[in-house]
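Down below is the structure, laid out as structure tokens.
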2 protein chains.
Amino acid sequence: MSVALVGAGPGDPDLLTMKAARLLAEADIVVHDALVGDGVMAMIPEHVERIDVGKRVGRPIPQEMICTLLIELGQQDLRVVRLKGGDPFVFGRGGEEALALREAGVEYEIVPGITSSIAAPAAAGVPVTHRGVAAAFTVVTGHRRPGEPDIDWRSLAKVGGTIVILMGVTHRAAIAAELIAGGLPADTPVAAIRSATTDHEHVDRCDLAGLGAADVESPATIIVGAVAAFDLRDVTALSTIAS
Amino acid sequence: MSVALVGAGPGDPDLLTMKAARLLAEADIVVHDALVGDGVMAMIPEHVERIDVGKRVGRPIPQEMICTLLIELGQQDLRVVRLKGGDPFVFGRGGEEALALREAGVEYEIVPGITSSIAAPAAAGVPVTHRGVAAAFTVVTGHRRPGEPDIDWRSLAKVGGTIVILMGVTHRAAIAAELIAGGLPADTPVAAIRSATTDHEHVDRCDLAGLGAADVESPATIIVGAVAAFDLRDVTALSTIAS
């Protein structure tokens, strides 16, 4: 009948949108990524079929196969939810899937989700913008796929805002070197957050010069900029999170 | 008892998080901005007291007064929701309010919301990232408050990603000129969206050279970059939205 491309948010099922929760409750089938949190997966009723198309190490599923699957399911009399970590349009390849569905004449709907590029810093008490400190933030992928346009990291260093790097753990040393070459001070604060908004949340802090050598597990959201020194977590969060 | 700094999302009440909806339903008092959509306001139970601290033209309420109000309310036996359009940490001054509450010893909680910087483009069918087209996006305020750090627009033009400008309608001609001076082609696609995800949604499209002269009403979200030429809205959206 139709395919809903739905953002699952950063991990905490309480951060699903009302629309996403309703679509999950009414779905016939859910096609999901590996990055969707366990808590969100638990919101899917037991009788609903699930297909895991997560691109995990050792078992990559080509994007074209996912698009073909969505088209085939969308042409049947089924309520299909394509569930993605974070937001479908923030490195979620929602645009590619929407284009494929449109070309095949399958109706679709795009449902934004809370992006971890903002919610992961927030969970660590880091505001991506703050008056007098950061009047802009850039969200960038640190994992360059073949065919991706180049990012000019040295120009990015000169913009003057917060930098949020997704999928950047592997290349963090090279990225830090480029940002320093572009003019960011070596002691610019850095925070790296993994499993944001879940029970496994973990925050590491260092400075830009130390990022390459820092022990950061993938996947993590890396924040570079003066705001990364902030810790606005509330008392409740501080008492429950080991960081 | 405590203050929850809650993101109200872009306008559609269906895009509230489950947590935000629950906090509104259980609140004793809601302190809200002018930018919070009517549909979201309608989610607040009738008996709940509302205080409008919206900074509207001709009636600016100083931020310190809002902080003082939140502290006073937070020190009483009340469930206080501080409701902000979009996300509290994306130009929402949530960091300032959190700092003030912490200094006063008032417990608080930060609840992310769907930011209009991503959801407004999405509502216009524009993905802020897209494989092979944009591997980064920058969200920046076009309204420079006294004391704000400078944004280097010419460097921003060289980064290579999508640019999302909030509060940029007034200075759009000067911003466009700086981006072109920084190297962005004059024919770079631009989309301007207002009242995203509501019945009043409206999308204007032009190119960067034409942005200054384009008839754009404030407030609007302005997107600059190759993705602004996309229109991935689904059939349902296209049939209901006049643009």
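Going by the structure tokens order, chains are called A, B, ..., each with residues numbered from 1, while ligands are numbered from 1 in the order shown.
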Could the residues of chain A within 8 Å of chain B, counting only C-alpha atoms, be given as a ChimeraX atom specification, please? /A:14-19,89-91,93-96,98-99,102,107-110,112-115,118-119,122,127-141,147-153,155-156,158-161,232-235
DSSP says strand (DSSP E) for which residues of chain B? Put them as a ChimeraX atom specification? /B:2-7,29-32,49-52,79-84,108-111,136-141,162-166,189-194,202-207,221-224
